[in-house]
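Q: Sending over a structure as structure tokens; questions will come in a sec.
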Amino acid sequence: MNYNWDWGVFFKSTGIGSEIYLDWFVTGLGWTIAIALTGWLIALALGSLLGVMRTVPNRWISGIATCYVEVFRNVPLLVQLFLWYFLVPDLLPEPLEMWFKQDLSPATSAFISVVVCLGLFTAARVCEQVRTGIQALPKGQLAAGYALGFRLPQIYRDVLLPQAFRIIIPPLTSEFLNIFKNSSVASLIGLMELLAQTKQTAEFSANLFEAFTLATLIYFTLNMSLMLLMRLVEKKVAVPGLISVGGK
Amino acid sequence: MTKSTLSRAIGFALAATLCSAPALAEELTGTLKKIKDSGTIVLGHRDSSIPFSYFGSDPQQPEGYSHDLQLKAVEAIKQKLGMPDLKVRYNLVTSQTRIPLVQNGTVDLECGSTTNNVERQQQVDFSVGIFEVGTRLLTKTTSGVADFPDLKGKNVVTTAGTTSERLLKAMNAEKKMGMNIISAKDHGESFLMLESGRAVAFMMDDALLAGEMAKAKKPADWHVVGTPQSYEIYGCMVRKGDPAFKAVVDDALVATFKSGEVNAIYDKWFLKPVPPKGLNLNFPMSDELKKLIANPTDKAAEQI
């Protein structure tokens, strides 16, 4: 292929202020991490709540959680993002809509939309994992809790959830990595995260392959480190004799 | 190596070069050979660069100003190769895929709305320029924005990966204008940002702004303003280092310019109703484009 490789491109000037292309990648990585972590907080909190709701012995409460999961899991992420970014602000009352669209900086309003979108989307997936974690525990635990005179919230807090969360750390890690990868949808609403900066570098410098190679390496390194970190967490919180860790 | 064998070797090499040079001129190489062997030419086109290269009336068949000029080049290639039945295959490209697809041989000739600039010249060769635009602003007639200085502290949208984005960001940094710059993913989305009130102005190539304006719900609500911040020449892209193929394309385009046929093609796309909605862009030919057509060049605007 007739391609002009230039790995030095990252240190070249972008022509905007005194920035070099590498600066764009650093800024982009910052946004990617900010989006993913904020989205993850929402996903973990809401997902845990919904996961508990799905397992409680009340048809209405578990029905609401089931509906939530079905809706958010079956609509493509990109469609959800466009709804949150383009449609939802238009449904707000006029002053709030104008504040969101014009007073907030475009990066902030895009950040809010994407964090809400990713948080709610991932919550549906976290919910399912919390549910399976709880359901994987022997039924006798709930009965034993009642027999000891615990009320239902106490059983969840002190008996079921501490064990369930330990079981689901590996699949939860996978969701945690997914939210970092999914954060790249933000590039489609103009938030300059890692993928958007990569595309911009590719367009400005015409060195497309170098730009995407660097982006691949950054995503890979980021996710590998997070995976190792979560493995450490899993070992750290393991209760000896209760659940096996790392295939032991 | 002794002196005599060295000079003999040089002599032999020289003789070989001299003998083979005329033979090479006859023999097809590069893209022309590929087209001859495969019996097919692959044309790169866009899907929404109105009115340059886009799907208008037929979802299979691209059309537009650049596309008509592209077909002129195809005619010349048919003649050059003596292949009146040459097959034409279309390959949709996006602003991100257009350069690699030309480089790796998927697309032989790309004509759309690709600006000829120095960075891209490192990767591909450009034909003589086919269009020249100025980068300006699209805004509501009631917005109070008349030129670039009026944008201080406002939200301005532009399309990601365009020269306008670079100019706007550089202007913001140099003149400390405090603009919030939104980079939308394509022209359609940029206009959506403008229409929905997220931005007061949309900076882009004036011809594309005219195209977006023509698509608006009420075209009369919008106008194009501002001093052009740069002029840009659009060209067709061919593989780098293939002078024989580039010469056929260039000659075909220059012939179209010289014969005046280009004026009819221009009128068809910029001064008459165009598909799909039958809207008229009302975009008379600029002095810059007239100059470009009179003196064809394959240089970027910044190199002239």
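We label chains A, B, ... in the order they appear in the structure tokens, count residues from 1 in each chain, and number ligands from 1 in the order shown.
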Near range 138-148 of chain A, within 12 Å and counting only C-alpha atoms, which residues show up once chain neighbours fewer than 2 positions away are dropped, as a VMD selection string?

A: chain A and resid 55 to 57 132 to 136 150 to 161 163 to 164

Q: Could those selected residues go to a file with N, CA and C atoms, as a PDB file, in the first residue's frame?

A:
```pdb
ATOM      1  N   THR A  55     -35.246  -8.924  42.730  1.00  0.00           N
ATOM      2  CA  THR A  55     -35.291 -10.170  43.491  1.00  0.00           C
ATOM      3  C   THR A  55     -36.227 -10.122  44.691  1.00  0.00           C
ATOM      4  N   VAL A  56     -36.775  -8.920  45.003  1.00  0.00           N
ATOM      5  CA  VAL A  56     -37.625  -8.870  46.203  1.00  0.00           C
ATOM      6  C   VAL A  56     -38.966  -9.572  45.955  1.00  0.00           C
ATOM      7  N   PRO A  57     -39.541 -10.129  46.996  1.00  0.00           N
ATOM      8  CA  PRO A  57     -40.805 -10.862  46.825  1.00  0.00           C
ATOM      9  C   PRO A  57     -41.994  -9.920  46.683  1.00  0.00           C
ATOM     10  N   THR A 132     -28.364 -11.898  39.289  1.00  0.00           N
ATOM     11  CA  THR A 132     -27.847 -13.269  39.222  1.00  0.00           C
ATOM     12  C   THR A 132     -26.968 -13.574  40.427  1.00  0.00           C
ATOM     13  N   GLY A 133     -26.234 -12.553  40.892  1.00  0.00           N
ATOM     14  CA  GLY A 133     -25.399 -12.752  42.076  1.00  0.00           C
ATOM     15  C   GLY A 133     -26.238 -13.147  43.282  1.00  0.00           C
ATOM     16  N   ILE A 134     -27.355 -12.444  43.440  1.00  0.00           N
ATOM     17  CA  ILE A 134     -28.232 -12.739  44.581  1.00  0.00           C
ATOM     18  C   ILE A 134     -28.873 -14.118  44.416  1.00  0.00           C
ATOM     19  N   GLN A 135     -29.319 -14.383  43.181  1.00  0.00           N
ATOM     20  CA  GLN A 135     -30.009 -15.656  42.956  1.00  0.00           C
ATOM     21  C   GLN A 135     -29.069 -16.854  42.997  1.00  0.00           C
ATOM     22  N   ALA A 136     -27.766 -16.591  42.851  1.00  0.00           N
ATOM     23  CA  ALA A 136     -26.810 -17.696  42.907  1.00  0.00           C
ATOM     24  C   ALA A 136     -26.607 -18.192  44.335  1.00  0.00           C
ATOM     25  N   PHE A 150     -34.153 -11.182  61.337  1.00  0.00           N
ATOM     26  CA  PHE A 150     -33.819 -10.004  60.514  1.00  0.00           C
ATOM     27  C   PHE A 150     -35.026  -9.579  59.724  1.00  0.00           C
ATOM     28  N   ARG A 151     -35.123  -8.258  59.453  1.00  0.00           N
ATOM     29  CA  ARG A 151     -36.116  -7.800  58.500  1.00  0.00           C
ATOM     30  C   ARG A 151     -35.501  -7.876  57.096  1.00  0.00           C
ATOM     31  N   LEU A 152     -36.340  -7.784  56.042  1.00  0.00           N
ATOM     32  CA  LEU A 152     -35.842  -7.986  54.675  1.00  0.00           C
ATOM     33  C   LEU A 152     -34.669  -7.057  54.322  1.00  0.00           C
ATOM     34  N   PRO A 153     -34.777  -5.715  54.596  1.00  0.00           N
ATOM     35  CA  PRO A 153     -33.640  -4.841  54.265  1.00  0.00           C
ATOM     36  C   PRO A 153     -32.355  -5.279  54.965  1.00  0.00           C
ATOM     37  N   GLN A 154     -32.503  -5.734  56.198  1.00  0.00           N
ATOM     38  CA  GLN A 154     -31.307  -6.187  56.929  1.00  0.00           C
ATOM     39  C   GLN A 154     -30.697  -7.417  56.277  1.00  0.00           C
ATOM     40  N   ILE A 155     -31.570  -8.335  55.821  1.00  0.00           N
ATOM     41  CA  ILE A 155     -31.060  -9.553  55.181  1.00  0.00           C
ATOM     42  C   ILE A 155     -30.264  -9.187  53.938  1.00  0.00           C
ATOM     43  N   TYR A 156     -30.824  -8.230  53.152  1.00  0.00           N
ATOM     44  CA  TYR A 156     -30.105  -7.810  51.944  1.00  0.00           C
ATOM     45  C   TYR A 156     -28.767  -7.174  52.299  1.00  0.00           C
ATOM     46  N   ARG A 157     -28.817  -6.264  53.270  1.00  0.00           N
ATOM     47  CA  ARG A 157     -27.622  -5.484  53.582  1.00  0.00           C
ATOM     48  C   ARG A 157     -26.535  -6.342  54.219  1.00  0.00           C
ATOM     49  N   ASP A 158     -26.923  -7.214  55.126  1.00  0.00           N
ATOM     50  CA  ASP A 158     -25.911  -7.915  55.928  1.00  0.00           C
ATOM     51  C   ASP A 158     -25.628  -9.337  55.470  1.00  0.00           C
ATOM     52  N   VAL A 159     -26.562  -9.930  54.724  1.00  0.00           N
ATOM     53  CA  VAL A 159     -26.355 -11.339  54.361  1.00  0.00           C
ATOM     54  C   VAL A 159     -26.164 -11.514  52.848  1.00  0.00           C
ATOM     55  N   LEU A 160     -27.161 -11.036  52.070  1.00  0.00           N
ATOM     56  CA  LEU A 160     -27.147 -11.369  50.641  1.00  0.00           C
ATOM     57  C   LEU A 160     -26.147 -10.539  49.835  1.00  0.00           C
ATOM     58  N   LEU A 161     -26.264  -9.202  49.939  1.00  0.00           N
ATOM     59  CA  LEU A 161     -25.451  -8.360  49.053  1.00  0.00           C
ATOM     60  C   LEU A 161     -23.939  -8.514  49.246  1.00  0.00           C
ATOM     61  N   GLN A 163     -22.246 -11.034  49.890  1.00  0.00           N
ATOM     62  CA  GLN A 163     -21.801 -12.239  49.184  1.00  0.00           C
ATOM     63  C   GLN A 163     -22.008 -12.105  47.679  1.00  0.00           C
ATOM     64  N   ALA A 164     -23.174 -11.556  47.319  1.00  0.00           N
ATOM     65  CA  ALA A 164     -23.490 -11.433  45.880  1.00  0.00           C
ATOM     66  C   ALA A 164     -22.448 -10.581  45.173  1.00  0.00           C
TER      67      ALA A 164
END
```

Q: Should the cut-off be 6 Å, what would the residue list for chain A against chain B look like, counting only C-alpha atoms, as a compact mmCIF listing (two decimals) with C-alpha atoms, in the first residue's frame?

A:
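And here is the file that came out, selection-v1.txt:
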```
# COMPACT_ATOMS: atom_id res chain seq x y z
CA MET A 1 0.00 0.00 0.00
CA ASN A 2 1.12 3.44 -0.97
CA ASN A 4 3.49 7.58 3.90
CA ILE A 16 -3.76 25.70 17.04
CA GLY A 17 -1.99 27.71 19.73
CA LYS A 101 -28.55 24.54 25.29
CA GLN A 102 -27.05 28.02 25.52
CA LEU A 188 -20.70 11.66 17.90
CA GLY A 190 -19.05 16.67 19.65
CA GLN A 200 -9.43 14.93 14.47
CA GLU A 203 -8.14 14.43 9.54
CA SER A 205 -2.49 15.41 9.75
CA ALA A 206 -3.69 12.90 7.11
```

Q: Tell me, which residues of range 178-221 of chain B carry DSSP helix (DSSP H, G or I), written as a PyMOL selection string?

A: chain B and resi 187-195+206-215+219-221

Q: Given the selection you just returned, output its residues as a file containing N, CA and C atoms, formatted as an mmCIF file, in the first residue's frame.

A:
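Dumped to out-v2.cif:
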```cif
data_model
loop_
_atom_site.group_PDB
_atom_site.id
_atom_site.type_symbol
_atom_site.label_atom_id
_atom_site.label_comp_id
_atom_site.auth_asym_id
_atom_site.auth_seq_id
_atom_site.Cartn_x
_atom_site.Cartn_y
_atom_site.Cartn_z
ATOM 1 N N HIS B 187 -22.114 17.492 8.322
ATOM 2 C CA HIS B 187 -22.751 18.780 8.041
ATOM 3 C C HIS B 187 -24.211 18.789 8.483
ATOM 4 N N GLY B 188 -24.889 17.660 8.279
ATOM 5 C CA GLY B 188 -26.293 17.560 8.665
ATOM 6 C C GLY B 188 -26.460 17.812 10.157
ATOM 7 N N GLU B 189 -25.569 17.218 10.950
ATOM 8 C CA GLU B 189 -25.683 17.381 12.397
ATOM 9 C C GLU B 189 -25.275 18.794 12.820
ATOM 10 N N SER B 190 -24.307 19.369 12.132
ATOM 11 C CA SER B 190 -23.922 20.754 12.438
ATOM 12 C C SER B 190 -25.139 21.661 12.257
ATOM 13 N N PHE B 191 -25.852 21.434 11.158
ATOM 14 C CA PHE B 191 -27.005 22.287 10.899
ATOM 15 C C PHE B 191 -28.090 22.055 11.948
ATOM 16 N N LEU B 192 -28.214 20.800 12.400
ATOM 17 C CA LEU B 192 -29.187 20.492 13.458
ATOM 18 C C LEU B 192 -28.858 21.275 14.724
ATOM 19 N N MET B 193 -27.561 21.366 15.049
ATOM 20 C CA MET B 193 -27.125 22.127 16.225
ATOM 21 C C MET B 193 -27.502 23.600 16.069
ATOM 22 N N LEU B 194 -27.356 24.092 14.850
ATOM 23 C CA LEU B 194 -27.662 25.492 14.568
ATOM 24 C C LEU B 194 -29.170 25.712 14.648
ATOM 25 N N GLU B 195 -29.916 24.827 14.004
ATOM 26 C CA GLU B 195 -31.367 24.980 13.926
ATOM 27 C C GLU B 195 -32.021 24.823 15.299
ATOM 28 N N ASP B 206 -18.588 27.835 1.953
ATOM 29 C CA ASP B 206 -19.824 28.544 1.590
ATOM 30 C C ASP B 206 -20.767 27.729 0.702
ATOM 31 N N ALA B 207 -20.208 26.939 -0.226
ATOM 32 C CA ALA B 207 -21.078 26.167 -1.118
ATOM 33 C C ALA B 207 -21.869 25.117 -0.335
ATOM 34 N N LEU B 208 -21.213 24.505 0.671
ATOM 35 C CA LEU B 208 -21.907 23.507 1.480
ATOM 36 C C LEU B 208 -22.958 24.179 2.368
ATOM 37 N N LEU B 209 -22.658 25.406 2.820
ATOM 38 C CA LEU B 209 -23.646 26.146 3.621
ATOM 39 C C LEU B 209 -24.881 26.427 2.784
ATOM 40 N N ALA B 210 -24.660 26.768 1.521
ATOM 41 C CA ALA B 210 -25.806 27.008 0.629
ATOM 42 C C ALA B 210 -26.626 25.732 0.502
ATOM 43 N N GLY B 211 -25.935 24.595 0.436
ATOM 44 C CA GLY B 211 -26.633 23.312 0.353
ATOM 45 C C GLY B 211 -27.461 23.039 1.603
ATOM 46 N N GLU B 212 -26.882 23.303 2.779
ATOM 47 C CA GLU B 212 -27.611 23.076 4.034
ATOM 48 C C GLU B 212 -28.806 24.018 4.145
ATOM 49 N N MET B 213 -28.591 25.273 3.718
ATOM 50 C CA MET B 213 -29.651 26.264 3.782
ATOM 51 C C MET B 213 -30.835 25.831 2.918
ATOM 52 N N ALA B 214 -30.512 25.264 1.754
ATOM 53 C CA ALA B 214 -31.572 24.819 0.852
ATOM 54 C C ALA B 214 -32.404 23.693 1.460
ATOM 55 N N LYS B 215 -31.788 22.958 2.418
ATOM 56 C CA LYS B 215 -32.515 21.847 3.035
ATOM 57 C C LYS B 215 -33.363 22.277 4.225
ATOM 58 N N PRO B 219 -35.910 28.129 4.316
ATOM 59 C CA PRO B 219 -34.614 28.641 3.840
ATOM 60 C C PRO B 219 -34.474 30.155 3.987
ATOM 61 N N ALA B 220 -35.587 30.894 3.951
ATOM 62 C CA ALA B 220 -35.511 32.359 3.994
ATOM 63 C C ALA B 220 -35.053 32.865 5.363
ATOM 64 N N ASP B 221 -35.142 32.021 6.418
ATOM 65 C CA ASP B 221 -34.724 32.443 7.759
ATOM 66 C C ASP B 221 -33.210 32.513 7.914
#
```

Q: Based on DSSP run over this structure's backbone, return all residues of range 132-162 of chain B in strand (DSSP E), as JSON, numbers by chain.

A: {"B": [132, 133, 134, 135, 136, 137, 138, 139, 140, 155, 156, 157, 158, 159]}

Q: May I have the selected residues written with N, CA and C atoms, as a CSV table (one decimal), in the first residue's frame?

A:
```csv
chain,number,residue,atom,x,y,z
B,132,GLU,N,-13.7,26.0,-6.0
B,132,GLU,CA,-13.0,26.8,-4.9
B,132,GLU,C,-14.1,27.4,-4.0
B,133,VAL,N,-13.9,27.2,-2.7
B,133,VAL,CA,-14.8,27.7,-1.7
B,133,VAL,C,-14.1,28.7,-0.8
B,134,GLY,N,-14.9,29.5,-0.1
B,134,GLY,CA,-14.5,30.3,1.0
B,134,GLY,C,-15.1,29.8,2.2
B,135,THR,N,-14.4,29.9,3.4
B,135,THR,CA,-15.1,29.5,4.6
B,135,THR,C,-15.8,30.6,5.3
B,136,ARG,N,-17.1,30.5,5.4
B,136,ARG,CA,-17.9,31.6,6.0
B,136,ARG,C,-18.9,31.1,7.0
B,137,LEU,N,-19.9,31.9,7.3
B,137,LEU,CA,-20.8,31.6,8.4
B,137,LEU,C,-22.3,31.5,7.9
B,138,LEU,N,-23.0,30.5,8.4
B,138,LEU,CA,-24.4,30.4,8.2
B,138,LEU,C,-25.1,30.8,9.5
B,139,THR,N,-26.0,31.7,9.5
B,139,THR,CA,-26.7,32.2,10.7
B,139,THR,C,-28.1,32.6,10.4
B,140,LYS,N,-28.9,32.7,11.5
B,140,LYS,CA,-30.2,33.2,11.3
B,140,LYS,C,-30.2,34.7,10.9
B,155,ASN,N,-21.7,30.4,21.2
B,155,ASN,CA,-21.5,29.0,20.7
B,155,ASN,C,-21.5,29.0,19.2
B,156,VAL,N,-20.5,28.4,18.7
B,156,VAL,CA,-20.3,28.3,17.2
B,156,VAL,C,-20.1,26.8,16.9
B,157,VAL,N,-20.8,26.3,15.8
B,157,VAL,CA,-20.7,24.9,15.4
B,157,VAL,C,-19.9,24.8,14.1
B,158,THR,N,-19.2,23.7,14.0
B,158,THR,CA,-18.5,23.5,12.7
B,158,THR,C,-18.4,21.9,12.6
B,159,THR,N,-18.1,21.4,11.5
B,159,THR,CA,-18.0,20.0,11.3
B,159,THR,C,-16.6,19.4,11.6
```

Q: Would you compute the distance between CA of Phe126 in chain B and CA of Phe270 in chain B? Give it in Å to one decimal.

A: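 If I compute the distance from CA of Phe126 in chain B to CA of Phe270 in chain B, I get 23.4 Å.
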